[in-house]
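Student: Contents of final31.cif (mmCIF, C-alpha atoms) are below:
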data_protein
#
loop_
_atom_site.label_atom_id
_atom_site.label_comp_id
_atom_site.auth_asym_id
_atom_site.auth_seq_id
_atom_site.Cartn_x
_atom_site.Cartn_y
_atom_site.Cartn_z
CA TRP Z 1 12.37 -12.01 -2.55
CA GLY Z 2 9.27 -12.72 -0.52
CA GLN Z 3 5.54 -13.30 -0.68
CA TYR Z 4 2.47 -12.07 1.15
CA HIS Z 5 -1.25 -12.75 0.90
CA LYS Z 6 -3.49 -10.49 -1.14
CA ALA Z 7 -7.11 -9.99 -0.07
CA ASP Z 8 -8.18 -13.03 -2.10
CA GLY Z 9 -5.58 -15.27 -0.42
CA LYS Z 10 -3.34 -15.50 -3.47
CA ALA Z 11 0.42 -15.10 -3.03
CA GLU Z 12 1.96 -11.84 -4.26
CA ASP Z 13 5.70 -11.60 -4.99
CA VAL Z 14 7.83 -8.72 -3.71
CA TYR Z 15 11.48 -7.98 -4.44
CA LYS Z 16 13.09 -5.70 -1.87
CA GLY Z 17 16.53 -4.46 -0.94
CA ARG Z 18 17.42 -3.00 2.46
CA MET Z 19 20.48 -1.58 4.17
CA ARG Z 20 20.72 -0.74 7.87
CA ILE Z 21 23.63 1.21 9.37
CA LYS Z 22 24.12 1.69 13.11
CA ALA Z 23 25.87 4.72 14.60
CA LYS Z 24 26.99 4.53 18.23
CA ALA Z 25 28.58 7.35 20.27
CA GLN Z 26 30.04 6.68 23.72
CA VAL Z 27 29.16 9.66 25.93
CA ASN Z 28 31.03 8.42 29.00
CA ASP Z 29 31.83 5.15 30.73
CA SER Z 30 28.19 4.46 31.56
CA THR Z 31 26.23 6.19 28.78
CA TYR Z 32 26.00 5.84 25.01
CA VAL Z 33 23.71 7.11 22.25
CA GLN Z 34 22.81 4.84 19.34
CA GLY Z 35 20.90 5.40 16.14
CA ARG Z 36 20.09 3.29 13.11
CA PHE Z 37 19.54 4.43 9.53
CA LYS Z 38 17.46 2.23 7.24
CA GLY Z 39 17.12 2.46 3.49
CA GLN Z 40 14.66 0.18 1.72
CA PHE Z 41 13.28 0.00 -1.79
CA ASP Z 42 11.26 -2.28 -4.03
CA PHE Z 43 13.17 -3.60 -7.04
CA LYS Z 44 9.90 -4.18 -8.86
CA ASN Z 45 7.79 -1.10 -8.25
CA ALA Z 46 10.01 1.77 -7.03
CA ASP Z 47 12.95 3.68 -8.48
CA SER Z 48 14.73 4.89 -5.34
CA ALA Z 49 15.13 4.10 -1.66
CA ASN Z 50 13.57 5.94 1.24
CA VAL Z 51 16.17 6.45 3.99
CA VAL Z 52 14.93 7.02 7.55
CA MET Z 53 16.34 6.85 11.05
CA ASP Z 54 14.21 4.07 12.51
CA GLN Z 55 15.99 3.87 15.89
CA ILE Z 56 17.55 6.42 18.22
CA PHE Z 57 18.00 5.96 21.94
CA VAL Z 58 20.13 6.74 24.98
CA HIS Z 59 21.34 3.90 27.18
CA HIS Z 60 22.61 4.51 30.71
CA GLN Z 61 24.12 1.86 32.96
CA PHE Z 62 23.62 2.30 36.71
CA GLY Z 63 26.15 -0.08 38.22
CA ASP Z 64 26.44 -3.69 37.08
CA ASN Z 65 22.82 -4.82 37.31
CA PHE Z 66 20.54 -1.93 36.38
CA ASP Z 67 20.16 0.04 33.15
CA VAL Z 68 17.68 2.43 31.51
CA THR Z 69 17.05 2.98 27.80
CA LEU Z 70 15.15 6.05 26.58
CA GLY Z 71 13.96 6.64 23.02
CA ARG Z 72 13.06 4.39 20.08
CA ALA Z 73 14.84 1.11 20.76
CA PRO Z 74 14.43 -2.53 19.67
CA LEU Z 75 12.21 -4.87 21.69
CA THR Z 76 11.80 -8.61 21.26
CA LEU Z 77 9.24 -10.52 23.33
CA GLY Z 78 9.08 -14.23 24.01
CA GLN Z 79 11.60 -16.84 22.94
CA THR Z 80 10.74 -16.74 19.24
CA GLY Z 81 9.65 -13.16 18.52
CA ILE Z 82 6.44 -14.37 16.88
CA PHE Z 83 4.33 -12.07 19.06
CA TYR Z 84 6.52 -8.94 18.81
CA ASP Z 85 9.95 -8.10 17.42
CA ASP Z 86 10.02 -4.43 16.48
CA ASN Z 87 10.73 -1.01 17.99
CA PHE Z 88 9.44 0.39 21.27
CA ASN Z 89 9.05 4.16 21.73
CA GLY Z 90 9.48 5.12 25.37
CA VAL Z 91 11.49 4.13 28.39
CA GLN Z 92 12.75 0.64 29.23
CA ALA Z 93 14.45 -0.40 32.48
CA THR Z 94 16.20 -3.68 33.19
CA LEU Z 95 17.28 -5.07 36.55
CA GLY Z 96 19.21 -8.30 36.88
CA THR Z 97 22.06 -10.42 35.62
CA LYS Z 98 22.70 -12.60 32.57
CA GLU Z 99 20.97 -15.46 34.39
CA VAL Z 100 17.83 -13.68 35.68
CA SER Z 101 16.45 -10.26 34.74
CA LEU Z 102 13.31 -8.16 35.08
CA GLN Z 103 12.54 -5.69 32.31
CA ALA Z 104 9.74 -3.11 32.31
CA GLY Z 105 8.72 -0.41 29.89
CA TYR Z 106 6.26 2.41 29.33
CA GLY Z 107 5.56 3.93 25.94
CA ARG Z 108 4.25 2.72 22.58
CA MET Z 109 4.81 -0.38 20.49
CA GLN Z 110 5.76 1.12 17.14
CA ALA Z 111 4.06 -1.63 15.13
CA TRP Z 112 0.86 -1.23 17.16
CA GLY Z 113 0.18 2.47 16.60
CA ASN Z 114 -0.15 5.27 19.14
CA ASP Z 115 -1.79 3.51 22.09
CA GLU Z 116 0.14 3.80 25.34
CA THR Z 117 1.49 0.47 26.50
CA VAL Z 118 3.02 -0.90 29.69
CA PHE Z 119 4.96 -4.15 29.68
CA ALA Z 120 6.93 -6.28 32.13
CA ARG Z 121 9.15 -9.21 31.24
CA LEU Z 122 10.81 -11.72 33.56
CA SER Z 123 13.41 -13.91 31.88
CA GLY Z 124 15.99 -16.43 32.98
CA ASN Z 125 18.65 -18.73 31.57
CA ALA Z 126 20.12 -21.88 33.03
CA GLY Z 127 22.58 -23.59 30.74
CA SER Z 128 20.81 -24.34 27.48
CA VAL Z 129 17.34 -23.55 28.88
CA GLY Z 130 15.68 -20.15 28.47
CA LEU Z 131 12.41 -19.10 30.11
CA SER Z 132 10.34 -15.94 29.88
CA ALA Z 133 7.05 -14.61 31.29
CA GLU Z 134 5.46 -11.35 30.16
CA TYR Z 135 2.60 -8.96 30.80
CA ILE Z 136 1.53 -6.33 28.25
CA ASP Z 137 -1.27 -3.82 28.90
CA VAL Z 138 -2.51 -1.57 26.09
CA ALA Z 139 -4.39 1.62 27.02
CA HIS Z 140 -8.13 2.15 26.54
CA ASP Z 141 -8.85 -1.52 27.41
CA LYS Z 142 -7.90 -2.65 23.91
CA ALA Z 143 -5.68 -5.54 24.98
CA GLU Z 144 -4.15 -7.15 28.04
CA PHE Z 145 -1.75 -9.97 27.23
CA TRP Z 146 -0.10 -12.60 29.36
CA GLY Z 147 2.61 -14.73 27.79
CA ALA Z 148 5.27 -17.33 28.47
CA GLY Z 149 8.06 -18.86 26.43
CA LEU Z 150 10.55 -21.71 26.58
CA SER Z 151 13.65 -22.70 24.62
CA ALA Z 152 15.81 -25.68 25.49
CA GLY Z 153 18.79 -27.38 23.94
CA LEU Z 154 18.65 -31.16 23.61
CA GLY Z 155 22.32 -31.89 23.19
CA ASP Z 156 24.67 -29.85 21.04
CA VAL Z 157 22.64 -29.50 17.84
CA VAL Z 158 18.92 -30.05 18.60
CA ASP Z 159 16.63 -27.62 20.42
CA VAL Z 160 12.96 -27.08 21.10
CA PHE Z 161 11.24 -23.70 21.40
CA GLY Z 162 7.82 -22.20 21.91
CA ASP Z 163 5.73 -19.22 22.96
CA TYR Z 164 2.20 -18.79 24.32
CA TYR Z 165 0.10 -15.60 24.60
CA GLN Z 166 -3.44 -14.88 25.75
CA ASN Z 167 -5.48 -11.68 25.49
CA ARG Z 168 -7.42 -11.29 28.73
CA GLN Z 169 -9.29 -8.19 27.53
CA VAL Z 170 -11.23 -9.91 24.74
CA LYS Z 171 -14.17 -12.23 25.32
CA GLY Z 172 -13.08 -15.85 25.22
CA HIS Z 173 -9.45 -14.93 25.99
CA PRO Z 174 -8.07 -15.66 22.50
CA GLN Z 175 -4.72 -17.45 22.37
CA LEU Z 176 -1.65 -17.54 20.16
CA TRP Z 177 0.93 -20.26 20.48
CA THR Z 178 3.79 -21.84 18.59
CA ALA Z 179 6.02 -24.84 19.22
CA GLY Z 180 8.94 -26.03 17.16
CA LEU Z 181 12.07 -28.09 16.75
CA GLY Z 182 15.42 -26.84 15.49
CA PHE Z 183 18.59 -28.52 14.26
CA GLY Z 184 22.00 -26.87 14.07
CA GLN Z 185 23.32 -23.40 14.89
CA THR Z 186 24.78 -20.69 12.67
CA SER Z 187 27.76 -18.44 13.27
CA MET Z 188 28.55 -15.62 10.87
CA LYS Z 189 32.24 -16.38 11.46
CA LYS Z 190 31.86 -20.04 10.43
CA PRO Z 191 31.10 -20.64 6.73
CA GLY Z 192 29.12 -23.84 6.27
CA SER Z 193 27.31 -23.60 9.59
CA PHE Z 194 23.55 -23.99 9.22
CA ARG Z 195 20.24 -24.24 11.02
CA LEU Z 196 16.96 -25.91 10.08
CA ALA Z 197 13.73 -25.44 12.01
CA GLY Z 198 10.08 -26.32 11.80
CA GLN Z 199 7.20 -25.06 13.94
CA TYR Z 200 3.43 -25.14 14.23
CA ILE Z 201 1.54 -21.88 14.73
CA LYS Z 202 -2.05 -21.43 15.88
CA ALA Z 203 -3.73 -18.10 16.63
CA GLU Z 204 -7.24 -16.89 17.38
CA LYS Z 205 -8.69 -13.49 16.45
CA GLY Z 206 -7.67 -10.92 19.04
CA SER Z 207 -4.51 -12.75 20.13
CA PHE Z 208 -2.13 -10.89 17.81
CA ILE Z 209 -1.78 -7.27 16.70
CA ASP Z 210 1.35 -6.84 14.56
CA GLY Z 211 5.16 -6.88 14.64
CA THR Z 212 6.10 -10.54 14.22
CA THR Z 213 9.74 -11.40 13.58
CA TYR Z 214 9.05 -13.70 10.63
CA MET Z 215 9.44 -12.65 7.00
CA VAL Z 216 6.40 -14.70 5.96
CA SER Z 217 3.32 -15.01 8.12
CA ALA Z 218 -0.29 -16.11 7.73
CA LEU Z 219 -1.36 -14.21 10.85
CA GLY Z 220 -2.81 -11.50 8.61
CA ALA Z 221 -5.66 -13.91 7.88
CA LEU Z 222 -7.04 -13.03 11.33
CA GLU Z 223 -8.44 -9.83 9.84
CA LYS Z 224 -11.22 -12.00 8.37
CA ALA Z 225 -10.81 -15.41 10.05
CA ASP Z 226 -11.69 -16.44 13.59
CA GLU Z 227 -8.64 -18.68 13.80
CA VAL Z 228 -5.61 -19.51 11.67
CA LYS Z 229 -3.18 -22.40 11.94
CA TYR Z 230 -0.24 -23.37 9.75
CA TRP Z 231 3.26 -24.77 9.59
CA LEU Z 232 6.41 -22.70 9.17
CA ALA Z 233 9.75 -24.10 7.98
CA SER Z 234 12.93 -22.01 8.07
CA ALA Z 235 16.54 -22.53 7.06
CA ASP Z 236 19.79 -20.59 7.43
CA VAL Z 237 23.23 -21.29 6.02
CA VAL Z 238 26.40 -19.20 6.27
CA LEU Z 239 27.82 -19.12 2.74
CA ALA Z 240 30.96 -17.15 3.62
CA LYS Z 241 32.17 -15.13 6.58
CA ASN Z 242 29.44 -12.56 7.38
CA VAL Z 243 27.20 -13.77 4.52
CA ARG Z 244 24.02 -15.67 5.43
CA LEU Z 245 21.23 -17.10 3.28
CA HIS Z 246 17.84 -17.23 5.02
CA GLY Z 247 14.59 -18.82 3.86
CA GLU Z 248 11.08 -19.33 5.23
CA TYR Z 249 8.06 -21.29 3.97
CA ALA Z 250 4.53 -21.13 5.45
CA PHE Z 251 2.29 -23.96 4.34
CA ASP Z 252 -0.87 -25.96 5.09
CA ILE Z 253 -2.66 -22.73 6.05
CA ASP Z 254 -6.11 -23.30 7.53
CA ALA Z 255 -8.28 -20.24 8.30
CA LYS Z 256 -11.38 -21.05 10.33
CA GLY Z 257 -14.43 -18.87 9.73
CA ASP Z 258 -13.08 -17.60 6.41
CA LYS Z 259 -13.88 -19.18 3.05
CA THR Z 260 -10.71 -17.74 1.48
CA ASP Z 261 -8.27 -20.34 0.17
CA TYR Z 262 -4.81 -19.13 1.24
CA ASP Z 263 -1.76 -19.99 -0.86
CA ASN Z 264 1.45 -21.23 0.68
CA ILE Z 265 3.97 -18.38 0.88
CA ALA Z 266 7.76 -18.23 1.05
CA SER Z 267 10.74 -15.88 1.24
CA VAL Z 268 14.48 -16.03 0.54
CA GLY Z 269 16.93 -13.36 1.69
CA LEU Z 270 20.67 -12.86 1.39
CA ASN Z 271 22.18 -11.03 4.38
CA TYR Z 272 25.56 -9.31 4.56
CA VAL Z 273 26.96 -8.11 7.91
CA PHE Z 274 29.71 -5.50 8.08
#
Starting from the file, give its structure as structure tokens.

Tutor:
Amino acid sequence: WGQYHKADGKAEDVYKGRMRIKAKAQVNDSTYVQGRFKGQFDFKNADSANVVMDQIFVHHQFGDNFDVTLGRAPLTLGQTGIFYDDNFNGVQATLGTKEVSLQAGYGRMQAWGNDETVFARLSGNAGSVGLSAEYIDVAHDKAEFWGAGLSAGLGDVVDVFGDYYQNRQVKGHPQLWTAGLGFGQTSMKKPGSFRLAGQYIKAEKGSFIDGTTYMVSALGALEKADEVKYWLASADVVLAKNVRLHGEYAFDIDAKGDKTDYDNIASVGLNYVF
């Protein structure tokens, strides 16, 4: 179950079911092919599911520290995925180790349409601290983003996280940023493990296109508003081995330059892994 904003800002309920199945074939010691089938339907408005292959790619490992992925493969940017967490159609190359890596790609962001895109991502990890810096250039001078992200553990159960992006191609260099605090960590093998998090999100028109990782989002208000800011609370709890309950709640939504009164929106999902 989830909610989204209608044109008048009112919350609309949706009831959806989804299954995703991965198929992986090892070609040789350094190459594999992977695909993913996805079936999704609406319990409320549709009778049957539409099944598609939403990912298919070839991955080749050149030695220990360099690999290339070709096809439609997943791509997550930043530390939170608020800016982009969807598929990328093209070629991606990664050079580095688990501590420091440089990733670059050429192709198309699936959630952004057919515009050619080039991106580069430098990321590093040191203990409980994760850092990332990114550059994304969209063809035809539509967008040129710079971004940076940080996540850091404060002890065993508390962490802070955040992302920042700026579009250098639009007048005024609109910005999107989020900062939050989390408590706890989940493991699908540990029933009873949980995580709670809260974050603040602020975005200006032109700073975001599409493809956020979150199930509920008020970023769609930027179609009419000059700026939107709101709070997002999320919670996860592992009910049994490989069974996780996930919830999100976006509230105190303020859209500048838009007279629409936006409702708070929420979602609850039950996830099974097998």

Student: Run through the PyMOL selection byres ((chain Z and resi 252) around 8) on the given coordinates and return the selected residues as a list in words.

Tutor: Tyr230, Trp231, Ala250, Phe251, Ile253, Asp254 and Asn264 of chain Z

Student: Quick one: residues within 8 Å of Thr31 in chain Z, all atoms listed in the file counted, chain neighbours fewer than 2 positions away excluded, as a list in words?

Tutor: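 Answer for this query is Gln26, Val27, Asn28, Asp29, Val33, Val58, His59, His60 and Gln61 of chain Z.
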
Student: What does the PyMOL selection byres ((chain Z and resi 136) around 9) select in this file, as a PyMOL selection string?

Tutor: chain Z and resi 117-121+134-135+137-138+143-147

Student: Save the residues we just selected, C-alpha atoms, as a PDB file, in the coordinates of the input?

Tutor:
ATOM      1  CA  THR Z 117       1.490   0.470  26.500  1.00  0.00           C
ATOM      2  CA  VAL Z 118       3.020  -0.900  29.690  1.00  0.00           C
ATOM      3  CA  PHE Z 119       4.960  -4.150  29.680  1.00  0.00           C
ATOM      4  CA  ALA Z 120       6.930  -6.280  32.130  1.00  0.00           C
ATOM      5  CA  ARG Z 121       9.150  -9.210  31.240  1.00  0.00           C
ATOM      6  CA  GLU Z 134       5.460 -11.350  30.160  1.00  0.00           C
ATOM      7  CA  TYR Z 135       2.600  -8.960  30.800  1.00  0.00           C
ATOM      8  CA  ASP Z 137      -1.270  -3.820  28.900  1.00  0.00           C
ATOM      9  CA  VAL Z 138      -2.510  -1.570  26.090  1.00  0.00           C
ATOM     10  CA  ALA Z 143      -5.680  -5.540  24.980  1.00  0.00           C
ATOM     11  CA  GLU Z 144      -4.150  -7.150  28.040  1.00  0.00           C
ATOM     12  CA  PHE Z 145      -1.750  -9.970  27.230  1.00  0.00           C
ATOM     13  CA  TRP Z 146      -0.100 -12.600  29.360  1.00  0.00           C
ATOM     14  CA  GLY Z 147       2.610 -14.730  27.790  1.00  0.00           C
TER      15      GLY Z 147
END

Student: Spell out the residues picked by the PyMOL selection byres ((chain Z and resi 200) around 6) here, as an MDAnalysis selection string.

Tutor: chainID Z and resid 178:179 199 201 231

Student: Those residues you just picked out, can you put them in a file as a PDB file, keeping the file's coordinate frame with C-alpha atoms?

Tutor:
ATOM      1  CA  THR Z 178       3.790 -21.840  18.590  1.00  0.00           C
ATOM      2  CA  ALA Z 179       6.020 -24.840  19.220  1.00  0.00           C
ATOM      3  CA  GLN Z 199       7.200 -25.060  13.940  1.00  0.00           C
ATOM      4  CA  ILE Z 201       1.540 -21.880  14.730  1.00  0.00           C
ATOM      5  CA  TRP Z 231       3.260 -24.770   9.590  1.00  0.00           C
TER       6      TRP Z 231
END

Student: Please list as a list in words every residue within 12 Å of Gly9 in chain Z, counting all atoms listed in the file and excluding residues in the same chain fewer than 5 positions away.

Tutor: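 Near neighbours after the sequence-gap exclusion: Gln3, Tyr4, Ala218, Gly220, Ala221, Glu223, Lys224, Ala225, Ile253, Asp254, Ala255, Asp258, Lys259, Thr260, Asp261, Tyr262, Asp263, Asn264 and Ile265 of chain Z.
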
Student: Would you put the residues from that selection into a file with C-alpha atoms, as a PDB file, keeping the file's coordinate frame?

Tutor:
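This went into result_36.pdb:
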ATOM      1  CA  GLN Z   3       5.540 -13.300  -0.680  1.00  0.00           C
ATOM      2  CA  TYR Z   4       2.470 -12.070   1.150  1.00  0.00           C
ATOM      3  CA  ALA Z 218      -0.290 -16.110   7.730  1.00  0.00           C
ATOM      4  CA  GLY Z 220      -2.810 -11.500   8.610  1.00  0.00           C
ATOM      5  CA  ALA Z 221      -5.660 -13.910   7.880  1.00  0.00           C
ATOM      6  CA  GLU Z 223      -8.440  -9.830   9.840  1.00  0.00           C
ATOM      7  CA  LYS Z 224     -11.220 -12.000   8.370  1.00  0.00           C
ATOM      8  CA  ALA Z 225     -10.810 -15.410  10.050  1.00  0.00           C
ATOM      9  CA  ILE Z 253      -2.660 -22.730   6.050  1.00  0.00           C
ATOM     10  CA  ASP Z 254      -6.110 -23.300   7.530  1.00  0.00           C
ATOM     11  CA  ALA Z 255      -8.280 -20.240   8.300  1.00  0.00           C
ATOM     12  CA  ASP Z 258     -13.080 -17.600   6.410  1.00  0.00           C
ATOM     13  CA  LYS Z 259     -13.880 -19.180   3.050  1.00  0.00           C
ATOM     14  CA  THR Z 260     -10.710 -17.740   1.480  1.00  0.00           C
ATOM     15  CA  ASP Z 261      -8.270 -20.340   0.170  1.00  0.00           C
ATOM     16  CA  TYR Z 262      -4.810 -19.130   1.240  1.00  0.00           C
ATOM     17  CA  ASP Z 263      -1.760 -19.990  -0.860  1.00  0.00           C
ATOM     18  CA  ASN Z 264       1.450 -21.230   0.680  1.00  0.00           C
ATOM     19  CA  ILE Z 265       3.970 -18.380   0.880  1.00  0.00           C
TER      20      ILE Z 265
END

Student: What's the 12 Å shell around Gln103 in chain Z, counting all atoms listed in the file, without same-chain residues fewer than 2 positions away, as a PyMOL selection string?

Tutor: chain Z and resi 65-69+75-77+91-97+100-101+105-106+118-124+132-136

Student: Find the spatial neighbours of Asn271 in chain Z, counting only C-alpha atoms, within a cut-off of 9 Å - ignore same-chain residues fewer than 6 positions away - and output them as a VMD selection string.

Tutor: chain Z and resid 242 to 246

Student: Taking C-alpha atoms for each residue, export the selection above as a compact mmCIF listing (two decimals), keeping the file's coordinate frame.

Tutor:
# COMPACT_ATOMS: atom_id res chain seq x y z
CA ASN Z 242 29.44 -12.56 7.38
CA VAL Z 243 27.20 -13.77 4.52
CA ARG Z 244 24.02 -15.67 5.43
CA LEU Z 245 21.23 -17.10 3.28
CA HIS Z 246 17.84 -17.23 5.02

Student: Taking into account only C-alpha atoms, which residue in the set Z:Lys205, Z:Arg72, Z:Arg195, Z:Lys142 is nearest to Asp159 in chain Z?

Tutor: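 That would be Z:Arg195, the residue with the smallest distance to Asp159 in chain Z.
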
Student: So which residues fall inside 6 Å of (-6.4, -12.1, 21.7) if we count only C-alpha atoms? Mind giving them as a list in words?

Tutor: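 Collected hits near the coordinates: Gln166, Asn167, His173, Pro174, Gln175, Lys205, Gly206, Ser207 and Phe208 of chain Z.
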
Student: Quote the spacing between CA of Trp177 in chain Z and CA of Ile209 in chain Z in Å to one decimal place.

Tutor: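 For CA of Trp177 in chain Z relative to CA of Ile209 in chain Z, the distance reads 13.8 Å.
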